[in-house]
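Shown below: entry-v4.pdb, with PDB, C-alpha atoms.
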```pdb
ATOM      1  CA  MET A   1     -22.656 189.154  14.319  1.00  0.00           C
ATOM      2  CA  ASP A   2     -21.417 190.464  10.951  1.00  0.00           C
ATOM      3  CA  MET A   3     -17.942 190.948  12.427  1.00  0.00           C
ATOM      4  CA  ILE A   4     -17.888 187.362  13.674  1.00  0.00           C
ATOM      5  CA  ALA A   5     -18.945 186.006  10.283  1.00  0.00           C
ATOM      6  CA  LEU A   6     -16.445 188.115   8.366  1.00  0.00           C
ATOM      7  CA  GLU A   7     -13.589 187.246  10.697  1.00  0.00           C
ATOM      8  CA  ARG A   8     -14.373 183.527  10.435  1.00  0.00           C
ATOM      9  CA  LEU A   9     -14.445 183.750   6.653  1.00  0.00           C
ATOM     10  CA  GLY A  10     -11.080 185.506   6.654  1.00  0.00           C
ATOM     11  CA  LYS A  11     -12.676 188.547   5.046  1.00  0.00           C
ATOM     12  CA  PRO A  12     -11.767 192.068   6.033  1.00  0.00           C
ATOM     13  CA  ILE A  13     -14.093 193.849   8.394  1.00  0.00           C
ATOM     14  CA  PRO A  14     -15.181 197.099   6.741  1.00  0.00           C
ATOM     15  CA  GLN A  15     -13.645 200.087   8.501  1.00  0.00           C
ATOM     16  CA  LYS A  16     -17.086 201.712   8.801  1.00  0.00           C
ATOM     17  CA  LEU A  17     -18.500 198.668  10.650  1.00  0.00           C
ATOM     18  CA  PHE A  18     -15.489 198.447  12.958  1.00  0.00           C
ATOM     19  CA  LYS A  19     -15.601 202.193  13.624  1.00  0.00           C
ATOM     20  CA  SER A  20     -19.317 202.088  14.410  1.00  0.00           C
ATOM     21  CA  ILE A  21     -18.637 199.548  17.165  1.00  0.00           C
ATOM     22  CA  THR A  22     -15.684 201.392  18.657  1.00  0.00           C
ATOM     23  CA  ASP A  23     -17.647 204.666  18.465  1.00  0.00           C
ATOM     24  CA  TYR A  24     -20.598 203.018  20.222  1.00  0.00           C
ATOM     25  CA  VAL A  25     -18.321 201.999  23.069  1.00  0.00           C
ATOM     26  CA  SER A  26     -16.509 205.326  23.250  1.00  0.00           C
ATOM     27  CA  ALA A  27     -19.620 207.503  23.154  1.00  0.00           C
ATOM     28  CA  ARG A  28     -21.670 205.712  25.800  1.00  0.00           C
ATOM     29  CA  PRO A  29     -25.336 205.874  24.900  1.00  0.00           C
ATOM     30  CA  GLY A  30     -27.626 207.913  27.115  1.00  0.00           C
ATOM     31  CA  ARG A  31     -29.051 204.736  28.577  1.00  0.00           C
ATOM     32  CA  ASN A  32     -27.416 201.460  29.579  1.00  0.00           C
ATOM     33  CA  TYR A  33     -27.780 198.670  27.066  1.00  0.00           C
ATOM     34  CA  PRO A  34     -26.180 195.659  28.756  1.00  0.00           C
ATOM     35  CA  SER A  35     -27.509 193.254  26.111  1.00  0.00           C
ATOM     36  CA  THR A  36     -25.922 195.270  23.294  1.00  0.00           C
ATOM     37  CA  ASP A  37     -22.706 195.702  25.285  1.00  0.00           C
ATOM     38  CA  GLY A  38     -22.496 191.933  25.785  1.00  0.00           C
ATOM     39  CA  LEU A  39     -23.050 191.272  22.104  1.00  0.00           C
ATOM     40  CA  MET A  40     -20.407 193.862  21.139  1.00  0.00           C
ATOM     41  CA  LEU A  41     -17.952 192.236  23.551  1.00  0.00           C
ATOM     42  CA  ALA A  42     -18.538 188.807  21.990  1.00  0.00           C
ATOM     43  CA  ALA A  43     -18.052 190.233  18.495  1.00  0.00           C
ATOM     44  CA  LEU A  44     -14.842 192.082  19.393  1.00  0.00           C
ATOM     45  CA  SER A  45     -13.414 188.982  21.040  1.00  0.00           C
ATOM     46  CA  HIS A  46     -13.348 187.379  17.587  1.00  0.00           C
ATOM     47  CA  VAL A  47     -11.348 190.114  15.884  1.00  0.00           C
ATOM     48  CA  VAL A  48      -7.794 188.929  15.356  1.00  0.00           C
ATOM     49  CA  SER A  49      -7.227 190.631  12.038  1.00  0.00           C
ATOM     50  CA  THR A  50      -3.960 192.507  11.761  1.00  0.00           C
ATOM     51  CA  ALA A  51      -5.814 195.321  10.009  1.00  0.00           C
ATOM     52  CA  TYR A  52      -6.864 196.665  13.405  1.00  0.00           C
ATOM     53  CA  GLY A  53      -4.565 197.361  16.320  1.00  0.00           C
ATOM     54  CA  GLN A  54      -5.070 194.813  19.066  1.00  0.00           C
ATOM     55  CA  GLU A  55      -4.212 197.467  21.667  1.00  0.00           C
ATOM     56  CA  GLY A  56      -7.241 199.490  20.581  1.00  0.00           C
ATOM     57  CA  ILE A  57      -9.460 196.408  20.570  1.00  0.00           C
ATOM     58  CA  THR A  58      -8.211 195.456  24.030  1.00  0.00           C
ATOM     59  CA  ALA A  59      -9.027 198.952  25.327  1.00  0.00           C
ATOM     60  CA  VAL A  60     -12.543 198.830  23.873  1.00  0.00           C
ATOM     61  CA  LYS A  61     -13.143 195.374  25.349  1.00  0.00           C
ATOM     62  CA  ALA A  62     -11.909 196.603  28.751  1.00  0.00           C
ATOM     63  CA  ALA A  63     -14.350 199.526  28.585  1.00  0.00           C
ATOM     64  CA  LEU A  64     -17.215 197.134  27.800  1.00  0.00           C
ATOM     65  CA  VAL A  65     -16.249 194.808  30.659  1.00  0.00           C
ATOM     66  CA  LYS A  66     -16.196 197.775  33.040  1.00  0.00           C
ATOM     67  CA  ARG A  67     -19.669 198.848  31.902  1.00  0.00           C
ATOM     68  CA  LEU A  68     -20.960 195.304  32.259  1.00  0.00           C
ATOM     69  CA  ASP A  69     -19.520 195.098  35.774  1.00  0.00           C
ATOM     70  CA  ALA A  70     -21.735 198.065  36.644  1.00  0.00           C
ATOM     71  CA  ASP A  71     -24.766 196.325  35.092  1.00  0.00           C
ATOM     72  CA  ARG A  72     -24.358 193.098  37.069  1.00  0.00           C
ATOM     73  CA  GLN A  73     -27.412 192.379  39.193  1.00  0.00           C
ATOM     74  CA  THR A  74     -26.780 189.409  41.514  1.00  0.00           C
ATOM     75  CA  ASP A  75     -25.728 186.616  39.121  1.00  0.00           C
ATOM     76  CA  GLY A  76     -27.419 188.036  36.028  1.00  0.00           C
ATOM     77  CA  TRP A  77     -27.221 191.349  34.200  1.00  0.00           C
ATOM     78  CA  GLY A  78     -29.744 194.080  33.692  1.00  0.00           C
ATOM     79  CA  TRP A  79     -30.413 197.701  34.410  1.00  0.00           C
ATOM     80  CA  PRO A  80     -29.715 199.274  37.781  1.00  0.00           C
ATOM     81  CA  ASP A  81     -32.772 199.273  40.044  1.00  0.00           C
ATOM     82  CA  HIS A  82     -34.562 196.781  37.756  1.00  0.00           C
ATOM     83  CA  GLY A  83     -32.809 193.546  38.672  1.00  0.00           C
ATOM     84  CA  ALA A  84     -31.358 190.917  36.401  1.00  0.00           C
ATOM     85  CA  ASP A  85     -32.960 190.385  33.006  1.00  0.00           C
ATOM     86  CA  VAL A  86     -33.033 187.150  31.002  1.00  0.00           C
ATOM     87  CA  ARG A  87     -32.441 188.814  27.631  1.00  0.00           C
ATOM     88  CA  ALA A  88     -29.503 190.890  28.878  1.00  0.00           C
ATOM     89  CA  THR A  89     -27.938 187.855  30.554  1.00  0.00           C
ATOM     90  CA  THR A  90     -28.234 185.802  27.348  1.00  0.00           C
ATOM     91  CA  ARG A  91     -26.006 188.369  25.641  1.00  0.00           C
ATOM     92  CA  VAL A  92     -23.645 189.360  28.446  1.00  0.00           C
ATOM     93  CA  ALA A  93     -22.657 185.906  29.736  1.00  0.00           C
ATOM     94  CA  PRO A  94     -21.237 184.675  26.386  1.00  0.00           C
ATOM     95  CA  GLY A  95     -19.393 187.954  25.816  1.00  0.00           C
ATOM     96  CA  LEU A  96     -17.785 187.890  29.247  1.00  0.00           C
ATOM     97  CA  TYR A  97     -16.956 184.223  28.906  1.00  0.00           C
ATOM     98  CA  ARG A  98     -15.092 184.827  25.639  1.00  0.00           C
ATOM     99  CA  ALA A  99     -13.382 188.080  26.537  1.00  0.00           C
ATOM    100  CA  GLY A 100     -13.082 188.124  30.298  1.00  0.00           C
ATOM    101  CA  ASP A 101     -10.443 187.084  32.751  1.00  0.00           C
ATOM    102  CA  ALA A 102     -10.951 184.073  35.063  1.00  0.00           C
ATOM    103  CA  ASN A 103     -13.162 186.095  37.434  1.00  0.00           C
ATOM    104  CA  HIS A 104     -15.421 187.240  34.595  1.00  0.00           C
ATOM    105  CA  LYS A 105     -15.596 183.725  33.153  1.00  0.00           C
ATOM    106  CA  ASP A 106     -16.749 182.551  36.583  1.00  0.00           C
ATOM    107  CA  GLN A 107     -19.386 185.309  36.613  1.00  0.00           C
ATOM    108  CA  ALA A 108     -20.526 184.170  33.169  1.00  0.00           C
ATOM    109  CA  VAL A 109     -20.948 180.586  34.373  1.00  0.00           C
ATOM    110  CA  LYS A 110     -22.933 181.852  37.382  1.00  0.00           C
ATOM    111  CA  GLY A 111     -25.029 183.914  34.975  1.00  0.00           C
ATOM    112  CA  GLN A 112     -25.744 180.770  32.985  1.00  0.00           C
ATOM    113  CA  ALA A 113     -26.875 179.023  36.194  1.00  0.00           C
ATOM    114  CA  TRP A 114     -29.054 182.027  37.099  1.00  0.00           C
ATOM    115  CA  LEU A 115     -30.526 181.915  33.613  1.00  0.00           C
ATOM    116  CA  ALA A 116     -31.394 178.218  33.940  1.00  0.00           C
ATOM    117  CA  GLY A 117     -33.227 179.031  37.173  1.00  0.00           C
ATOM    118  CA  GLN A 118     -35.477 181.507  35.361  1.00  0.00           C
ATOM    119  CA  GLN A 119     -37.144 178.887  33.172  1.00  0.00           C
ATOM    120  CA  GLN A 120     -40.848 178.692  33.903  1.00  0.00           C
ATOM    121  CA  ALA A 121     -42.971 175.549  34.268  1.00  0.00           C
ATOM    122  CA  ASP A 122     -44.147 175.793  30.647  1.00  0.00           C
ATOM    123  CA  GLY A 123     -40.532 175.909  29.413  1.00  0.00           C
ATOM    124  CA  SER A 124     -40.554 179.607  28.551  1.00  0.00           C
ATOM    125  CA  PHE A 125     -38.402 182.345  30.007  1.00  0.00           C
ATOM    126  CA  PRO A 126     -39.839 185.577  31.389  1.00  0.00           C
ATOM    127  CA  SER A 127     -39.414 188.879  29.608  1.00  0.00           C
ATOM    128  CA  ASN A 128     -39.340 192.328  31.137  1.00  0.00           C
ATOM    129  CA  VAL A 129     -41.869 193.264  28.447  1.00  0.00           C
ATOM    130  CA  VAL A 130     -45.206 191.531  29.056  1.00  0.00           C
ATOM    131  CA  SER A 131     -46.096 190.204  25.629  1.00  0.00           C
ATOM    132  CA  PRO A 132     -46.287 186.715  24.092  1.00  0.00           C
ATOM    133  CA  ALA A 133     -43.954 187.851  21.293  1.00  0.00           C
ATOM    134  CA  TRP A 134     -41.322 189.096  23.752  1.00  0.00           C
ATOM    135  CA  THR A 135     -41.629 185.931  25.847  1.00  0.00           C
ATOM    136  CA  MET A 136     -41.014 183.877  22.703  1.00  0.00           C
ATOM    137  CA  MET A 137     -38.027 186.034  21.718  1.00  0.00           C
ATOM    138  CA  THR A 138     -36.550 185.812  25.222  1.00  0.00           C
ATOM    139  CA  THR A 139     -37.013 182.038  25.230  1.00  0.00           C
ATOM    140  CA  VAL A 140     -35.423 181.660  21.799  1.00  0.00           C
ATOM    141  CA  GLN A 141     -32.423 183.685  22.998  1.00  0.00           C
ATOM    142  CA  ALA A 142     -32.082 181.821  26.311  1.00  0.00           C
ATOM    143  CA  VAL A 143     -32.049 178.251  25.037  1.00  0.00           C
ATOM    144  CA  PRO A 144     -28.775 178.458  23.033  1.00  0.00           C
ATOM    145  CA  VAL A 145     -26.968 180.113  25.946  1.00  0.00           C
ATOM    146  CA  LEU A 146     -28.008 177.237  28.171  1.00  0.00           C
ATOM    147  CA  ARG A 147     -26.422 174.855  25.662  1.00  0.00           C
ATOM    148  CA  GLY A 148     -23.112 176.658  25.958  1.00  0.00           C
ATOM    149  CA  LEU A 149     -21.805 180.029  27.009  1.00  0.00           C
ATOM    150  CA  GLN A 150     -20.253 180.682  23.618  1.00  0.00           C
ATOM    151  CA  SER A 151     -23.476 179.813  21.832  1.00  0.00           C
ATOM    152  CA  LEU A 152     -24.105 183.236  20.337  1.00  0.00           C
ATOM    153  CA  ASP A 153     -21.197 182.501  18.055  1.00  0.00           C
ATOM    154  CA  THR A 154     -20.531 178.764  18.337  1.00  0.00           C
ATOM    155  CA  ILE A 155     -23.608 176.786  19.313  1.00  0.00           C
ATOM    156  CA  GLY A 156     -22.775 173.867  21.543  1.00  0.00           C
ATOM    157  CA  ALA A 157     -19.053 174.663  21.816  1.00  0.00           C
ATOM    158  CA  ASN A 158     -19.228 174.641  25.599  1.00  0.00           C
ATOM    159  CA  PRO A 159     -22.191 172.458  26.613  1.00  0.00           C
ATOM    160  CA  ALA A 160     -23.927 173.364  29.847  1.00  0.00           C
ATOM    161  CA  ARG A 161     -23.377 170.993  32.731  1.00  0.00           C
ATOM    162  CA  ALA A 162     -26.405 169.417  34.400  1.00  0.00           C
TER     163      ALA A 162
END
```
So that I can check it, write out the structure of this file as structure tokens.
Amino acid sequence: MDMIALERLGKPIPQKLFKSITDYVSARPGRNYPSTDGLMLAALSHVVSTAYGQEGITAVKAALVKRLDADRQTDGWGWPDHGADVRATTRVAPGLYRAGDANHKDQAVKGQAWLAGQQQADGSFPSNVVSPAWTMMTTVQAVPVLRGLQSLDTIGANPARA
């Protein structure tokens, strides 16, 4: 989110911050983190600064998209053998919508529809961690995505259709 803010303000992105993101992508963590991958993809899709080579950014984004393809579970995203997860989908769908090709944008829209279908009768969204605090966090993260796929970085820029 810092990269998005800095890029919007026309401020340089510190090399250490940029490197930490590209290193994260290059040195895949020991465990899949589709929610973090989606957030990284959204952040990198904002970087247009000439200080960083767009070829390198494109390669990093392609690596993230490939990882997220492997984490797709039906129309949502999550961890293999665990099914789709609301929290992961709230992060992946906006990232793929911003950075993906037409096929990935379509997947992101389907992920948004899947997400809408997860809302419970009381208005909350389920969490893979059974805890009122996690349910609240998951719900807080889901609502903006339902307002628009780009909502992690531009709330309401692409309002959800009924």
Quiz item: Which residue out of A:Ala84, A:Val25, A:Leu6, A:Ala93 has the minimum interatomic distance to Ala63 (chain A) when all atoms listed in the file are used?
Solution: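 The shortest atom-to-atom distance to Ala63 (chain A) comes from A:Val25.
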Counting all atoms listed in the file, what are the residues of region 30-91 of chain A within 9 Å of region 126-149 of chain A, and for each of them which pair of atoms is the nearest and at what distance in Å, to one decimal? Sort the table by chain and rising number, as a Markdown table.
```
| residue | atom | partner | partner_atom | distance |
| --- | --- | --- | --- | --- |
| A:Asp85 | CA | A:Asn128 | CA | 6.9 |
| A:Val86 | CA | A:Ser127 | CA | 6.8 |
| A:Arg87 | CA | A:Thr138 | CA | 5.6 |
| A:Thr89 | CA | A:Ala142 | CA | 8.5 |
| A:Thr90 | CA | A:Ala142 | CA | 5.6 |
| A:Arg91 | CA | A:Val145 | CA | 8.3 |
```
Kindly save the residues from that selection, with C-alpha atoms included, as a PDB file, in the coordinates of the input.
```pdb
ATOM      1  CA  ASP A  85     -32.960 190.385  33.006  1.00  0.00           C
ATOM      2  CA  VAL A  86     -33.033 187.150  31.002  1.00  0.00           C
ATOM      3  CA  ARG A  87     -32.441 188.814  27.631  1.00  0.00           C
ATOM      4  CA  THR A  89     -27.938 187.855  30.554  1.00  0.00           C
ATOM      5  CA  THR A  90     -28.234 185.802  27.348  1.00  0.00           C
ATOM      6  CA  ARG A  91     -26.006 188.369  25.641  1.00  0.00           C
TER       7      ARG A  91
END
```
Quiz prompt | Selected residue of minimal separation from Ser35 (chain A) among A:Arg98, A:Arg72, A:Lys110, A:Lys105, counting only C-alpha atoms | solution =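 Under the stated criterion, the closest residue is A:Arg72.
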Quiz item: What does the distance from CA of Gly38 (chain A) to CA of Thr22 (chain A) come to in Å, to one decimal?
Solution: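 Distance between the two atoms: 13.7 Å.
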Self-check item: Distance query 12 Å from (-11.6, 195.3, 12.4) using all atoms listed in the file, result as a VMD selection string
Solution: chain A and resid 2 to 4 6 to 7 10 to 22 43 to 54 56 to 57
Quiz item: Any idea what the distance is between CA of Ala116 (chain A) and CA of Arg8 (chain A)?
Solution: 29.5 Å
Practice problem: Output the residue selection produced by the PyMOL selection byres ((chain A and resi 97) around 8) on the file above, formatted as number ranges by chain. | Solution: A: 93-96, 98-100, 104-106, 108-109, 149-150
Exercise. Measure the distance from CA of Gly78 (chain A) to CA of Leu41 (chain A) in Å and round it to one decimal.
Key: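 Result for CA of Gly78 (chain A) versus CA of Leu41 (chain A): 15.7 Å, one decimal.
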